[in-house]
Amino acid sequence: MRNKNKKSKSNNKITDQVYQEAIKVLQNCVHERGIKASARVRGYPQVWARDSMITLLGASLVQDRIINRALKSSFDTLRKKQTSLGCIPNNVDVRTLGANFQAYTDGGLWFVIGKAVLFEQTRNLAFLKKNYSAIKKILRWYEYQDVDQSGLISMQEATDWEDLFAVRGKGLYVNTLYYWALIKGSKIAKILKDNKNKSLYAQKARNLRLHINKRFWFTKNKDICLIIEDSFGTEFDLRKMHDALGRKLILPQKNILNKSSYYLPYITFRDFGEWFDSFGNMLVILTGIADKKQTKAVLNFIKKHKVASPFPIKAIYPPIRPGEKDWRYYYKFDNLNLPHRYHNGGIWPFLGGFYVAVLVKAGEYRKAEEALLSLALLNKKGKDGQRQFNECFHGVSGKPIGMDEQAWSAGMYIYAYEAVLKKRPPFF
């Protein structure tokens, strides 16, 4: 039997219809080597680490044997290309089995999270044991990314999910993802009676949570010197504005966003991003790093600046423009990252699924239902009028500008649907 899909149960015909359509898209993304990022021939014929595991959050909730088998195959395909040091590839081409490591930062973290989630759904202990050696190597590899022993991992520019964007240094998204992976890794170690690593991962997670809130959380009353990295062991002389070696501090310029409270997108040597990173800010809420007061502040920011309008949700706000410090010449290539496009303020349906889950987590159930309907209408929009579940949309016009039939757009819609239905975000 191909599937035993449960009937959708909401009171909205549109959200129910899109739920069923999302399952069809996932079925079209199935390959013997895993879940492809896109069902389209001209889309993405690879098993991407982040895409497949984000897709898994929703796809694992669907009672479909073929989809579930493809999810398991994704782990096998990625694990076989793991480096000797533990790094999981960004993606593996299903046609050639060639591995790509260019945007290396988050793939391994999603592998760990995805494996824990799939076990929660299947209780397949044998498959968990099969992947545990790879999981330990992954988490060991990320220990080496804490290059200055600050408790936070570092990344090169444009190496996380925003693989054509100027996030660098210590990113909010990747460090929050690391926290979640450590939590999941500790639970896996407990199940497999590995008490040493269970304690190690849990302790690292506790420390990381403290560092994220100390370094990334911005309020108008917070001293900028507490954010700027100058090797975290250095003490600042706040009266003279010099570091321990007598070097004068040149502080970044405050922009209008600093009148609000939110988590900064990245911090690096004496600098930090001053724009709002939607994915990172949503993950700190879902993982519990943010408290209720911080959660409220982030949601107020999204509302005030219409980050989830016209559809949920824009990748960043505001978009980076030429002449600003985070503008890069490569944003112009194929007009991909011009303002309001792609990573630079474009609307991403998979992020919209996380936004719906955040509203559920915050107890904003009616707003979550409204956001789910908006996300459903977004996913119905396709380039040719027939296809749907597009990759991304223009941040102002809402016009589809990516590839249709994206696995993570479909998977995260299912996830959002289930979160609204159950009034809790699964797996957090």
# chains A, B, ... in the order shown; residues from 1 in each chain; ligands from 1

call {"tool": "closest_atom_pairs", "arguments": {"of": "range 309-390 of chain A", "to": "range 55-68 of chain A", "cutoff": "12 Å", "atoms": "only C-alpha atoms", "output": "tab-separated table"}}
result
residue	atom	partner	partner_atom	distance
A:Pro349	CA	A:Thr55	CA	11.8
A:Phe350	CA	A:Thr55	CA	8.6
A:Leu351	CA	A:Thr55	CA	11.4
A:Gly353	CA	A:Gly58	CA	9.5
A:Phe354	CA	A:Leu57	CA	10.4
A:Ala357	CA	A:Gly58	CA	11.6

call {"tool": "select_by_dssp", "arguments": {"residues": "range 272-392 of chain A", "states": "alpha helix (DSSP H)", "output": "MDAnalysis selection string"}}
result
chainID A and resid 278:286 292:304 349:361 365:379

call {"tool": "closest_residue", "arguments": {"among": "A:Glu32, A:Asp16, A:Asp93, A:Asp277", "to": "Pro45 in chain A", "atoms": "only C-alpha atoms"}}
result
A:Asp93

call {"tool": "closest_residue", "arguments": {"among": "A:Phe428, A:Trp48, A:Tyr19, A:Trp327", "to": "Arg33 in chain A", "atoms": "only C-alpha atoms"}}
result
A:Trp48

call {"tool": "closest_residue", "arguments": {"among": "A:Asn197, A:Asn281, A:Ser73, A:Asn100", "to": "Val30 in chain A", "atoms": "only C-alpha atoms"}}
result
A:Ser73
